[in-house]
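Peer 1: Below you'll find target07.pdb; it's PDB, C-alpha atoms, pLDDT in the B column.
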ATOM      1  CA  MET A  11     -39.872 -38.331   4.074  1.00 62.00           C
ATOM      2  CA  ASP A  12     -36.404 -38.455   5.617  1.00 70.00           C
ATOM      3  CA  LEU A  13     -33.482 -36.856   3.858  1.00 79.00           C
ATOM      4  CA  LYS A  14     -30.157 -38.541   3.250  1.00 87.00           C
ATOM      5  CA  THR A  15     -27.254 -36.463   4.489  1.00 91.00           C
ATOM      6  CA  THR A  16     -23.493 -36.315   4.350  1.00 92.00           C
ATOM      7  CA  ILE A  17     -23.174 -34.975   7.892  1.00 95.00           C
ATOM      8  CA  ARG A  18     -21.412 -38.084   9.226  1.00 94.00           C
ATOM      9  CA  GLU A  19     -18.803 -37.944   6.448  1.00 94.00           C
ATOM     10  CA  LEU A  20     -18.317 -34.208   6.928  1.00 95.00           C
ATOM     11  CA  ARG A  21     -17.895 -34.653  10.675  1.00 95.00           C
ATOM     12  CA  LYS A  22     -15.276 -37.336  10.188  1.00 95.00           C
ATOM     13  CA  LYS A  23     -13.477 -35.185   7.645  1.00 94.00           C
ATOM     14  CA  HIS A  24     -13.392 -32.256  10.098  1.00 93.00           C
ATOM     15  CA  LYS A  25     -12.671 -34.600  13.060  1.00 93.00           C
ATOM     16  CA  LEU A  26     -15.759 -33.449  14.954  1.00 94.00           C
ATOM     17  CA  THR A  27     -17.875 -35.358  17.423  1.00 95.00           C
ATOM     18  CA  GLN A  28     -21.670 -35.212  17.283  1.00 95.00           C
ATOM     19  CA  ALA A  29     -21.669 -33.253  20.550  1.00 95.00           C
ATOM     20  CA  GLU A  30     -19.209 -30.665  19.201  1.00 95.00           C
ATOM     21  CA  LEU A  31     -21.234 -30.143  16.024  1.00 96.00           C
ATOM     22  CA  ALA A  32     -24.459 -29.965  18.040  1.00 96.00           C
ATOM     23  CA  PHE A  33     -22.981 -27.338  20.363  1.00 94.00           C
ATOM     24  CA  ALA A  34     -21.756 -25.269  17.417  1.00 94.00           C
ATOM     25  CA  VAL A  35     -25.094 -25.242  15.574  1.00 95.00           C
ATOM     26  CA  GLY A  36     -27.269 -24.835  18.680  1.00 94.00           C
ATOM     27  CA  THR A  37     -28.860 -28.237  18.955  1.00 95.00           C
ATOM     28  CA  THR A  38     -28.354 -31.504  20.876  1.00 95.00           C
ATOM     29  CA  ARG A  39     -26.232 -34.563  20.160  1.00 95.00           C
ATOM     30  CA  GLN A  40     -29.391 -36.683  19.965  1.00 94.00           C
ATOM     31  CA  THR A  41     -30.769 -34.501  17.161  1.00 95.00           C
ATOM     32  CA  ILE A  42     -27.558 -34.828  15.147  1.00 96.00           C
ATOM     33  CA  THR A  43     -27.722 -38.618  15.687  1.00 95.00           C
ATOM     34  CA  SER A  44     -31.337 -38.715  14.472  1.00 94.00           C
ATOM     35  CA  ILE A  45     -30.569 -36.616  11.394  1.00 94.00           C
ATOM     36  CA  GLU A  46     -27.572 -38.821  10.545  1.00 94.00           C
ATOM     37  CA  ARG A  47     -29.712 -41.937  10.921  1.00 92.00           C
ATOM     38  CA  GLU A  48     -32.396 -40.314   8.726  1.00 89.00           C
ATOM     39  CA  LYS A  49     -35.000 -40.684  11.471  1.00 90.00           C
ATOM     40  CA  TYR A  50     -35.542 -36.948  11.787  1.00 91.00           C
ATOM     41  CA  THR A  51     -35.636 -34.275   9.080  1.00 91.00           C
ATOM     42  CA  ALA A  52     -33.913 -31.064  10.083  1.00 92.00           C
ATOM     43  CA  SER A  53     -35.771 -27.774   9.727  1.00 93.00           C
ATOM     44  CA  LEU A  54     -34.623 -25.308   7.080  1.00 93.00           C
ATOM     45  CA  VAL A  55     -32.920 -23.177   9.751  1.00 95.00           C
ATOM     46  CA  LEU A  56     -30.987 -26.085  11.260  1.00 95.00           C
ATOM     47  CA  ALA A  57     -30.090 -27.418   7.802  1.00 95.00           C
ATOM     48  CA  TYR A  58     -28.760 -23.966   6.908  1.00 96.00           C
ATOM     49  CA  LYS A  59     -26.759 -23.754  10.156  1.00 96.00           C
ATOM     50  CA  ILE A  60     -25.161 -27.167   9.583  1.00 96.00           C
ATOM     51  CA  ALA A  61     -24.329 -26.432   5.959  1.00 96.00           C
ATOM     52  CA  HIS A  62     -23.036 -22.957   6.849  1.00 95.00           C
ATOM     53  CA  TYR A  63     -20.836 -24.438   9.597  1.00 95.00           C
ATOM     54  CA  PHE A  64     -19.076 -26.655   7.044  1.00 95.00           C
ATOM     55  CA  GLY A  65     -18.921 -23.802   4.518  1.00 95.00           C
ATOM     56  CA  LEU A  66     -21.246 -25.587   2.102  1.00 94.00           C
ATOM     57  CA  THR A  67     -24.738 -25.110   0.683  1.00 93.00           C
ATOM     58  CA  ILE A  68     -27.762 -27.027   1.971  1.00 93.00           C
ATOM     59  CA  GLU A  69     -27.840 -29.115  -1.222  1.00 91.00           C
ATOM     60  CA  ASP A  70     -24.246 -30.222  -0.578  1.00 91.00           C
ATOM     61  CA  VAL A  71     -25.197 -31.603   2.841  1.00 93.00           C
ATOM     62  CA  PHE A  72     -28.734 -32.885   2.226  1.00 91.00           C
ATOM     63  CA  ASP A  73     -29.824 -35.048  -0.682  1.00 87.00           C
ATOM     64  CA  PHE A  74     -33.040 -33.648  -2.179  1.00 84.00           C
ATOM     65  CA  SER A  75     -33.268 -36.123  -5.068  1.00 82.00           C
ATOM     66  CA  GLN A  76     -36.184 -37.947  -3.409  1.00 76.00           C
ATOM     67  CA  VAL A  77     -38.042 -34.636  -2.980  1.00 74.00           C
ATOM     68  CA  GLU A  78     -37.545 -33.811  -6.642  1.00 66.00           C
ATOM     69  CA  ASP A  79     -38.983 -37.194  -7.646  1.00 63.00           C
ATOM     70  CA  VAL A  80     -42.300 -36.545  -5.857  1.00 55.00           C
TER      71      VAL A  80
ATOM     72  CA  MET B   5     -28.361 -15.493  26.169  1.00 83.00           C
ATOM     73  CA  GLU B   6     -28.913 -12.770  28.790  1.00 86.00           C
ATOM     74  CA  GLN B   7     -32.679 -13.143  28.327  1.00 91.00           C
ATOM     75  CA  TYR B   8     -32.376 -16.858  28.964  1.00 93.00           C
ATOM     76  CA  ARG B   9     -30.250 -16.211  32.053  1.00 94.00           C
ATOM     77  CA  LYS B  10     -33.049 -13.956  33.390  1.00 94.00           C
ATOM     78  CA  LEU B  11     -35.629 -16.628  32.574  1.00 95.00           C
ATOM     79  CA  LEU B  12     -33.709 -19.227  34.598  1.00 95.00           C
ATOM     80  CA  LYS B  13     -33.462 -16.802  37.537  1.00 95.00           C
ATOM     81  CA  ARG B  14     -37.231 -16.245  37.367  1.00 96.00           C
ATOM     82  CA  ARG B  15     -37.766 -20.008  37.384  1.00 95.00           C
ATOM     83  CA  ILE B  16     -35.556 -20.324  40.483  1.00 96.00           C
ATOM     84  CA  TYR B  17     -37.703 -17.692  42.263  1.00 96.00           C
ATOM     85  CA  LEU B  18     -40.910 -19.483  41.204  1.00 95.00           C
ATOM     86  CA  PHE B  19     -39.672 -22.882  42.378  1.00 95.00           C
ATOM     87  CA  THR B  20     -38.487 -21.347  45.663  1.00 96.00           C
ATOM     88  CA  ALA B  21     -41.986 -19.903  46.220  1.00 96.00           C
ATOM     89  CA  LEU B  22     -43.503 -23.302  45.444  1.00 92.00           C
ATOM     90  CA  ILE B  23     -41.129 -24.953  47.940  1.00 94.00           C
ATOM     91  CA  PHE B  24     -42.299 -22.516  50.636  1.00 93.00           C
ATOM     92  CA  LEU B  25     -45.925 -23.336  49.771  1.00 91.00           C
ATOM     93  CA  SER B  26     -45.147 -27.064  49.909  1.00 88.00           C
ATOM     94  CA  VAL B  27     -43.340 -26.705  53.268  1.00 91.00           C
ATOM     95  CA  PHE B  28     -46.331 -24.749  54.610  1.00 89.00           C
ATOM     96  CA  LEU B  29     -48.738 -27.504  53.519  1.00 84.00           C
ATOM     97  CA  LEU B  30     -46.453 -30.254  54.831  1.00 85.00           C
ATOM     98  CA  MET B  31     -45.914 -28.601  58.211  1.00 86.00           C
ATOM     99  CA  GLY B  32     -49.615 -27.840  58.479  1.00 82.00           C
ATOM    100  CA  SER B  33     -50.349 -31.466  57.772  1.00 76.00           C
ATOM    101  CA  ILE B  34     -47.791 -32.730  60.340  1.00 77.00           C
ATOM    102  CA  LEU B  35     -48.928 -30.288  63.028  1.00 78.00           C
ATOM    103  CA  GLY B  36     -52.558 -31.104  62.326  1.00 72.00           C
ATOM    104  CA  LEU B  37     -53.508 -27.565  61.250  1.00 72.00           C
ATOM    105  CA  PHE B  38     -55.405 -28.996  58.295  1.00 67.00           C
ATOM    106  CA  GLU B  39     -57.566 -31.957  59.191  1.00 64.00           C
ATOM    107  CA  THR B  40     -58.170 -34.211  56.225  1.00 60.00           C
ATOM    108  CA  ASN B  41     -61.793 -35.120  55.786  1.00 58.00           C
ATOM    109  CA  GLY B  42     -62.068 -38.720  56.906  1.00 54.00           C
ATOM    110  CA  GLY B  43     -60.165 -38.493  60.180  1.00 53.00           C
ATOM    111  CA  GLY B  44     -58.642 -41.559  61.716  1.00 60.00           C
ATOM    112  CA  ASP B  45     -59.947 -44.357  59.498  1.00 71.00           C
ATOM    113  CA  PHE B  46     -57.788 -46.283  57.035  1.00 74.00           C
ATOM    114  CA  VAL B  47     -58.718 -44.147  54.012  1.00 71.00           C
ATOM    115  CA  GLY B  48     -58.018 -40.970  55.978  1.00 72.00           C
ATOM    116  CA  GLY B  49     -54.550 -42.235  56.886  1.00 76.00           C
ATOM    117  CA  LEU B  50     -53.895 -43.311  53.334  1.00 76.00           C
ATOM    118  CA  LEU B  51     -54.951 -39.883  52.113  1.00 76.00           C
ATOM    119  CA  GLU B  52     -52.683 -38.069  54.579  1.00 77.00           C
ATOM    120  CA  GLY B  53     -49.738 -40.307  53.711  1.00 82.00           C
ATOM    121  CA  PHE B  54     -50.325 -39.875  49.994  1.00 80.00           C
ATOM    122  CA  GLN B  55     -50.562 -36.095  50.369  1.00 78.00           C
ATOM    123  CA  SER B  56     -47.322 -35.907  52.369  1.00 84.00           C
ATOM    124  CA  GLY B  57     -45.560 -38.149  49.847  1.00 87.00           C
ATOM    125  CA  LEU B  58     -46.807 -36.140  46.888  1.00 82.00           C
ATOM    126  CA  ILE B  59     -45.795 -32.826  48.459  1.00 86.00           C
ATOM    127  CA  THR B  60     -42.353 -34.212  49.370  1.00 90.00           C
ATOM    128  CA  GLY B  61     -41.940 -35.577  45.841  1.00 90.00           C
ATOM    129  CA  LEU B  62     -42.857 -32.236  44.270  1.00 86.00           C
ATOM    130  CA  MET B  63     -40.470 -30.466  46.642  1.00 92.00           C
ATOM    131  CA  ALA B  64     -37.671 -32.830  45.616  1.00 94.00           C
ATOM    132  CA  ILE B  65     -38.363 -32.014  41.950  1.00 93.00           C
ATOM    133  CA  PHE B  66     -38.301 -28.258  42.665  1.00 94.00           C
ATOM    134  CA  VAL B  67     -35.034 -28.570  44.625  1.00 96.00           C
ATOM    135  CA  PHE B  68     -33.503 -30.632  41.783  1.00 96.00           C
ATOM    136  CA  PHE B  69     -34.318 -27.926  39.236  1.00 95.00           C
ATOM    137  CA  ILE B  70     -33.106 -25.105  41.488  1.00 96.00           C
ATOM    138  CA  VAL B  71     -29.739 -26.850  41.991  1.00 96.00           C
ATOM    139  CA  ARG B  72     -29.511 -27.602  38.277  1.00 95.00           C
ATOM    140  CA  TYR B  73     -30.323 -24.044  37.199  1.00 95.00           C
ATOM    141  CA  ALA B  74     -27.954 -22.571  39.795  1.00 95.00           C
ATOM    142  CA  ALA B  75     -25.126 -24.746  38.425  1.00 94.00           C
ATOM    143  CA  VAL B  76     -25.998 -23.766  34.851  1.00 94.00           C
ATOM    144  CA  LEU B  77     -25.976 -20.048  35.712  1.00 94.00           C
ATOM    145  CA  ARG B  78     -22.391 -20.296  37.016  1.00 93.00           C
ATOM    146  CA  ASP B  79     -20.974 -21.829  33.823  1.00 92.00           C
ATOM    147  CA  ASP B  80     -21.397 -20.215  30.372  1.00 92.00           C
ATOM    148  CA  LYS B  81     -20.768 -23.491  28.503  1.00 92.00           C
ATOM    149  CA  LYS B  82     -23.406 -25.299  30.563  1.00 93.00           C
ATOM    150  CA  LEU B  83     -25.758 -22.347  30.040  1.00 94.00           C
ATOM    151  CA  LYS B  84     -25.381 -22.632  26.258  1.00 94.00           C
ATOM    152  CA  GLU B  85     -25.880 -26.427  26.428  1.00 93.00           C
ATOM    153  CA  GLN B  86     -29.008 -25.989  28.555  1.00 93.00           C
ATOM    154  CA  TYR B  87     -30.288 -23.337  26.122  1.00 94.00           C
ATOM    155  CA  ASN B  88     -29.618 -25.657  23.180  1.00 94.00           C
ATOM    156  CA  ARG B  89     -31.382 -28.522  24.978  1.00 93.00           C
ATOM    157  CA  GLU B  90     -34.467 -26.449  25.761  1.00 91.00           C
ATOM    158  CA  ASN B  91     -34.658 -24.934  22.280  1.00 92.00           C
ATOM    159  CA  ASP B  92     -33.760 -28.068  20.372  1.00 95.00           C
ATOM    160  CA  GLU B  93     -36.266 -28.470  17.507  1.00 94.00           C
ATOM    161  CA  ARG B  94     -36.450 -32.285  17.771  1.00 94.00           C
ATOM    162  CA  ARG B  95     -37.192 -32.118  21.495  1.00 93.00           C
ATOM    163  CA  LYS B  96     -39.825 -29.445  20.800  1.00 93.00           C
ATOM    164  CA  THR B  97     -41.467 -31.694  18.196  1.00 93.00           C
ATOM    165  CA  ILE B  98     -41.534 -34.620  20.646  1.00 93.00           C
ATOM    166  CA  LYS B  99     -42.878 -32.362  23.393  1.00 91.00           C
ATOM    167  CA  GLU B 100     -45.642 -30.966  21.171  1.00 91.00           C
ATOM    168  CA  LYS B 101     -46.703 -34.423  20.038  1.00 91.00           C
ATOM    169  CA  SER B 102     -46.826 -35.737  23.607  1.00 89.00           C
ATOM    170  CA  GLY B 103     -49.053 -32.940  24.907  1.00 87.00           C
ATOM    171  CA  GLY B 104     -46.667 -30.029  25.237  1.00 84.00           C
ATOM    172  CA  ASN B 105     -46.610 -27.409  27.963  1.00 86.00           C
ATOM    173  CA  ALA B 106     -50.412 -27.391  28.299  1.00 90.00           C
ATOM    174  CA  MET B 107     -50.388 -31.038  29.412  1.00 89.00           C
ATOM    175  CA  LEU B 108     -47.556 -30.439  31.913  1.00 87.00           C
ATOM    176  CA  ALA B 109     -49.142 -27.287  33.348  1.00 91.00           C
ATOM    177  CA  SER B 110     -52.588 -28.886  33.681  1.00 93.00           C
ATOM    178  CA  THR B 111     -51.046 -31.972  35.354  1.00 91.00           C
ATOM    179  CA  ILE B 112     -49.234 -29.835  37.951  1.00 85.00           C
ATOM    180  CA  ILE B 113     -52.389 -27.754  38.588  1.00 92.00           C
ATOM    181  CA  ILE B 114     -54.558 -30.880  38.901  1.00 93.00           C
ATOM    182  CA  LEU B 115     -52.096 -32.515  41.331  1.00 86.00           C
ATOM    183  CA  PHE B 116     -51.905 -29.365  43.492  1.00 82.00           C
ATOM    184  CA  ALA B 117     -55.711 -29.013  43.377  1.00 90.00           C
ATOM    185  CA  GLY B 118     -55.918 -32.659  44.420  1.00 86.00           C
ATOM    186  CA  ILE B 119     -53.643 -32.049  47.416  1.00 79.00           C
ATOM    187  CA  ILE B 120     -55.703 -29.024  48.524  1.00 82.00           C
ATOM    188  CA  SER B 121     -59.042 -30.783  47.965  1.00 86.00           C
ATOM    189  CA  GLY B 122     -57.851 -33.641  50.175  1.00 79.00           C
ATOM    190  CA  TYR B 123     -58.376 -31.382  53.188  1.00 77.00           C
ATOM    191  CA  PHE B 124     -62.079 -31.108  52.311  1.00 82.00           C
ATOM    192  CA  ASN B 125     -63.240 -34.112  50.348  1.00 83.00           C
ATOM    193  CA  GLN B 126     -61.716 -37.568  49.833  1.00 82.00           C
ATOM    194  CA  THR B 127     -63.598 -38.360  46.611  1.00 87.00           C
ATOM    195  CA  VAL B 128     -62.438 -35.158  44.915  1.00 90.00           C
ATOM    196  CA  PHE B 129     -58.880 -35.838  46.104  1.00 86.00           C
ATOM    197  CA  PHE B 130     -58.744 -39.352  44.624  1.00 87.00           C
ATOM    198  CA  THR B 131     -60.456 -38.237  41.397  1.00 92.00           C
ATOM    199  CA  LEU B 132     -58.107 -35.311  40.800  1.00 93.00           C
ATOM    200  CA  THR B 133     -54.984 -37.239  41.786  1.00 89.00           C
ATOM    201  CA  GLY B 134     -56.063 -40.131  39.536  1.00 92.00           C
ATOM    202  CA  CYS B 135     -56.573 -37.703  36.635  1.00 94.00           C
ATOM    203  CA  GLY B 136     -53.178 -36.091  37.283  1.00 93.00           C
ATOM    204  CA  ILE B 137     -51.362 -39.427  37.401  1.00 92.00           C
ATOM    205  CA  PHE B 138     -53.168 -40.641  34.272  1.00 94.00           C
ATOM    206  CA  GLN B 139     -52.115 -37.503  32.380  1.00 93.00           C
ATOM    207  CA  LEU B 140     -48.549 -37.948  33.596  1.00 91.00           C
ATOM    208  CA  VAL B 141     -48.426 -41.596  32.480  1.00 93.00           C
ATOM    209  CA  LEU B 142     -50.061 -40.837  29.114  1.00 93.00           C
ATOM    210  CA  SER B 143     -47.663 -37.990  28.444  1.00 92.00           C
ATOM    211  CA  SER B 144     -44.658 -40.152  29.425  1.00 92.00           C
ATOM    212  CA  VAL B 145     -45.753 -43.033  27.174  1.00 94.00           C
ATOM    213  CA  LEU B 146     -46.274 -40.671  24.215  1.00 94.00           C
ATOM    214  CA  LYS B 147     -42.929 -39.020  24.889  1.00 93.00           C
ATOM    215  CA  ALA B 148     -41.152 -42.389  24.956  1.00 94.00           C
ATOM    216  CA  TYR B 149     -42.882 -43.422  21.715  1.00 95.00           C
ATOM    217  CA  TYR B 150     -41.963 -40.244  19.819  1.00 93.00           C
ATOM    218  CA  THR B 151     -38.404 -40.247  21.230  1.00 92.00           C
ATOM    219  CA  ILE B 152     -37.909 -43.694  19.671  1.00 91.00           C
ATOM    220  CA  LYS B 153     -39.658 -42.644  16.454  1.00 89.00           C
ATOM    221  CA  TYR B 154     -37.536 -39.504  15.952  1.00 87.00           C
TER     222      TYR B 154
END
Output the file's structure in the form of C-alpha cells.

Peer 2:
Amino acid sequence: MDLKTTIRELRKKHKLTQAELAFAVGTTRQTITSIEREKYTASLVLAYKIAHYFGLTIEDVFDFSQVEDV
Amino acid sequence: MEQYRKLLKRRIYLFTALIFLSVFLLMGSILGLFETNGGGDFVGGLLEGFQSGLITGLMAIFVFFIVRYAAVLRDDKKLKEQYNRENDERRKTIKEKSGGNAMLASTIIILFAGIISGYFNQTVFFTLTGCGIFQLVLSSVLKAYYTIKY
C-alpha cells in the first residue's frame, strides 16, 4: 500500500528542490521522487525526518486514511 | 561521518591491493610466467585474451572507485551526498531484492577464481566465468526491475 503525501506541496511552499530536501533529510532525490509519486512508502524514520524538517507531524505529511480503512 | 570517512579510506586501500594483484596477474600473463592450460590452440588464445580483458576491466572498475572516493574525501558536501546515497533506504531495498551484497561478493569471488583457474584448467575457467557472468546479468536485470517498480 502506497501512502499519499503532501511533500510536493510542502516543497513548493518552502521553495525547495527534491535534491535539497533529500540532502537535508539524508536520502536521495530519486527516493523523494518515488515517495511523491506514491511508488515507494517511506520508512517511519524517513517519514519522521521529512515531517520534522517541515515542522509538522507525520500525519500532516502522510495520509493514513487508507491504512485506517483496512 | 568520521566513521564513514575511515570506511572509504579502507576501501581505497583494499582496491589498491586488488589493483596490485591484478597487475601481478596481468604482467605474469604477458611475460608468460603463468602458462594457461591449453597452450597455443584457439581455445588457449581465447582464454588468455579473455583473462587479460577481465583483469583489465576489473582494474578499471577499481581505479574508477578509487578516484571517486578520493574526490569524495576532499569535499564534505560530496561526502554527505555519497553517504546519503549509500545509506538510502530505497536503494537498500532494491539492493536486497536483487541479491544484495552476498550476490556481489560471490560474483567477484567467482570471477577471480575463474581467472586463477584458467591457469590450470580450461573447463573450470569457462564454468566459473559463465556462472559469474550469469549472476551479474541476473542481478542487473532484477535491479533494473525493482528500480522501475520503486

Peer 1: Once the ChimeraX specification (/B :<9) & /A is applied to the coordinates I shared, what remains selected? I want it as a ChimeraX atom specification.

Peer 2: /A:32-33,35-38,40-41,44-45,48-53,56

Peer 1: Once the PyMOL selection byres ((chain B and resi 60-67) around 10) has been evaluated on this model, what residues remain selected, and can you format them as number ranges by chain?

Peer 2: B: 15-16, 18-27, 30, 54-59, 68-73, 112, 115-116

Peer 1: Based on the selection just made, write C-alpha atoms of those residues as a short mmCIF file (atom, residue, chain, number, x, y, z; two decimals), in the frame of the given file.

Peer 2:
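Saved as selection.cif:
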data_model
loop_
_atom_site.label_atom_id
_atom_site.label_comp_id
_atom_site.auth_asym_id
_atom_site.auth_seq_id
_atom_site.Cartn_x
_atom_site.Cartn_y
_atom_site.Cartn_z
CA ARG B 15 -37.77 -20.01 37.38
CA ILE B 16 -35.56 -20.32 40.48
CA LEU B 18 -40.91 -19.48 41.20
CA PHE B 19 -39.67 -22.88 42.38
CA THR B 20 -38.49 -21.35 45.66
CA ALA B 21 -41.99 -19.90 46.22
CA LEU B 22 -43.50 -23.30 45.44
CA ILE B 23 -41.13 -24.95 47.94
CA PHE B 24 -42.30 -22.52 50.64
CA LEU B 25 -45.92 -23.34 49.77
CA SER B 26 -45.15 -27.06 49.91
CA VAL B 27 -43.34 -26.70 53.27
CA LEU B 30 -46.45 -30.25 54.83
CA PHE B 54 -50.32 -39.88 49.99
CA GLN B 55 -50.56 -36.10 50.37
CA SER B 56 -47.32 -35.91 52.37
CA GLY B 57 -45.56 -38.15 49.85
CA LEU B 58 -46.81 -36.14 46.89
CA ILE B 59 -45.80 -32.83 48.46
CA PHE B 68 -33.50 -30.63 41.78
CA PHE B 69 -34.32 -27.93 39.24
CA ILE B 70 -33.11 -25.10 41.49
CA VAL B 71 -29.74 -26.85 41.99
CA ARG B 72 -29.51 -27.60 38.28
CA TYR B 73 -30.32 -24.04 37.20
CA ILE B 112 -49.23 -29.84 37.95
CA LEU B 115 -52.10 -32.52 41.33
CA PHE B 116 -51.90 -29.36 43.49
#

Peer 1: On this structure, the PyMOL selection byres ((chain A and resi 58) around 12) would catch which residues? List them as a ChimeraX atom specification, sorted by chain and number.

Peer 2: /A:35-36,52-57,59-72

Peer 1: Write out, as a PDB file, keeping the file's coordinate frame, the residues just selected, with C-alpha atoms.

Peer 2:
ATOM      1  CA  VAL A  35     -25.094 -25.242  15.574  1.00 95.00           C
ATOM      2  CA  GLY A  36     -27.269 -24.835  18.680  1.00 94.00           C
ATOM      3  CA  ALA A  52     -33.913 -31.064  10.083  1.00 92.00           C
ATOM      4  CA  SER A  53     -35.771 -27.774   9.727  1.00 93.00           C
ATOM      5  CA  LEU A  54     -34.623 -25.308   7.080  1.00 93.00           C
ATOM      6  CA  VAL A  55     -32.920 -23.177   9.751  1.00 95.00           C
ATOM      7  CA  LEU A  56     -30.987 -26.085  11.260  1.00 95.00           C
ATOM      8  CA  ALA A  57     -30.090 -27.418   7.802  1.00 95.00           C
ATOM      9  CA  LYS A  59     -26.759 -23.754  10.156  1.00 96.00           C
ATOM     10  CA  ILE A  60     -25.161 -27.167   9.583  1.00 96.00           C
ATOM     11  CA  ALA A  61     -24.329 -26.432   5.959  1.00 96.00           C
ATOM     12  CA  HIS A  62     -23.036 -22.957   6.849  1.00 95.00           C
ATOM     13  CA  TYR A  63     -20.836 -24.438   9.597  1.00 95.00           C
ATOM     14  CA  PHE A  64     -19.076 -26.655   7.044  1.00 95.00           C
ATOM     15  CA  GLY A  65     -18.921 -23.802   4.518  1.00 95.00           C
ATOM     16  CA  LEU A  66     -21.246 -25.587   2.102  1.00 94.00           C
ATOM     17  CA  THR A  67     -24.738 -25.110   0.683  1.00 93.00           C
ATOM     18  CA  ILE A  68     -27.762 -27.027   1.971  1.00 93.00           C
ATOM     19  CA  GLU A  69     -27.840 -29.115  -1.222  1.00 91.00           C
ATOM     20  CA  ASP A  70     -24.246 -30.222  -0.578  1.00 91.00           C
ATOM     21  CA  VAL A  71     -25.197 -31.603   2.841  1.00 93.00           C
ATOM     22  CA  PHE A  72     -28.734 -32.885   2.226  1.00 91.00           C
TER      23      PHE A  72
END

Peer 1: If I take atom CA of B:Thr111 and atom CA of B:Thr133, how far is one from the other in Å, to one decimal?

Peer 2: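 We find that atom CA of B:Thr111 and atom CA of B:Thr133 lie 9.2 Å from each other.
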
Peer 1: Calculated over all atoms listed in the file, which of the candidates A:Thr15, A:Arg47, A:Val77, A:Ile42 has the smallest distance to A:Gln28?

Peer 2: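 Among the listed residues, A:Ile42 lies closest to A:Gln28.
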
Peer 1: I'd like the interatomic distance between atom CA of B:Met31 and atom CA of B:Leu132, to a tenth of an Å.

Peer 2: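 Atom CA of B:Leu132 lies 22.3 Å from atom CA of B:Met31.
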
Peer 1: So the first atom is atom CA of A:Arg39 and the second is atom CA of B:Gly103; what is the distance between them in Å, to one decimal place?

Peer 2: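 A separation of 23.4 Å between them.
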
Peer 1: When you look at B:Gln7 with a cut-off of 12 Å (counting all atoms listed in the file), what residues show up, excluding the ones that are within fewer than 4 positions of it in the same chain? I need them as a ChimeraX atom specification.

Peer 2: /B:11-14,83,87

Peer 1: Quick one: write out the picked residues with C-alpha atoms as a PDB file, keeping the file's coordinate frame?

Peer 2:
ATOM      1  CA  LEU B  11     -35.629 -16.628  32.574  1.00 95.00           C
ATOM      2  CA  LEU B  12     -33.709 -19.227  34.598  1.00 95.00           C
ATOM      3  CA  LYS B  13     -33.462 -16.802  37.537  1.00 95.00           C
ATOM      4  CA  ARG B  14     -37.231 -16.245  37.367  1.00 96.00           C
ATOM      5  CA  LEU B  83     -25.758 -22.347  30.040  1.00 94.00           C
ATOM      6  CA  TYR B  87     -30.288 -23.337  26.122  1.00 94.00           C
TER       7      TYR B  87
END

Peer 1: List every protein, DNA or RNA residue that has an atom no more than 10 Å from (-22.5, -36.3, 4.6) in the file's coordinate frame, counting all atoms listed in the file, and report them as a short mmCIF file (atom, residue, chain, number, x, y, z; two decimals) with C-alpha atoms, in the frame of the given file.

Peer 2:
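Contents of point.cif, as written:
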data_model
loop_
_atom_site.label_atom_id
_atom_site.label_comp_id
_atom_site.auth_asym_id
_atom_site.auth_seq_id
_atom_site.Cartn_x
_atom_site.Cartn_y
_atom_site.Cartn_z
CA LYS A 14 -30.16 -38.54 3.25
CA THR A 15 -27.25 -36.46 4.49
CA THR A 16 -23.49 -36.32 4.35
CA ILE A 17 -23.17 -34.98 7.89
CA ARG A 18 -21.41 -38.08 9.23
CA GLU A 19 -18.80 -37.94 6.45
CA LEU A 20 -18.32 -34.21 6.93
CA ARG A 21 -17.90 -34.65 10.68
CA LYS A 22 -15.28 -37.34 10.19
CA LYS A 23 -13.48 -35.18 7.64
CA GLU A 46 -27.57 -38.82 10.54
CA ASP A 70 -24.25 -30.22 -0.58
CA VAL A 71 -25.20 -31.60 2.84
CA PHE A 72 -28.73 -32.88 2.23
CA ASP A 73 -29.82 -35.05 -0.68
#
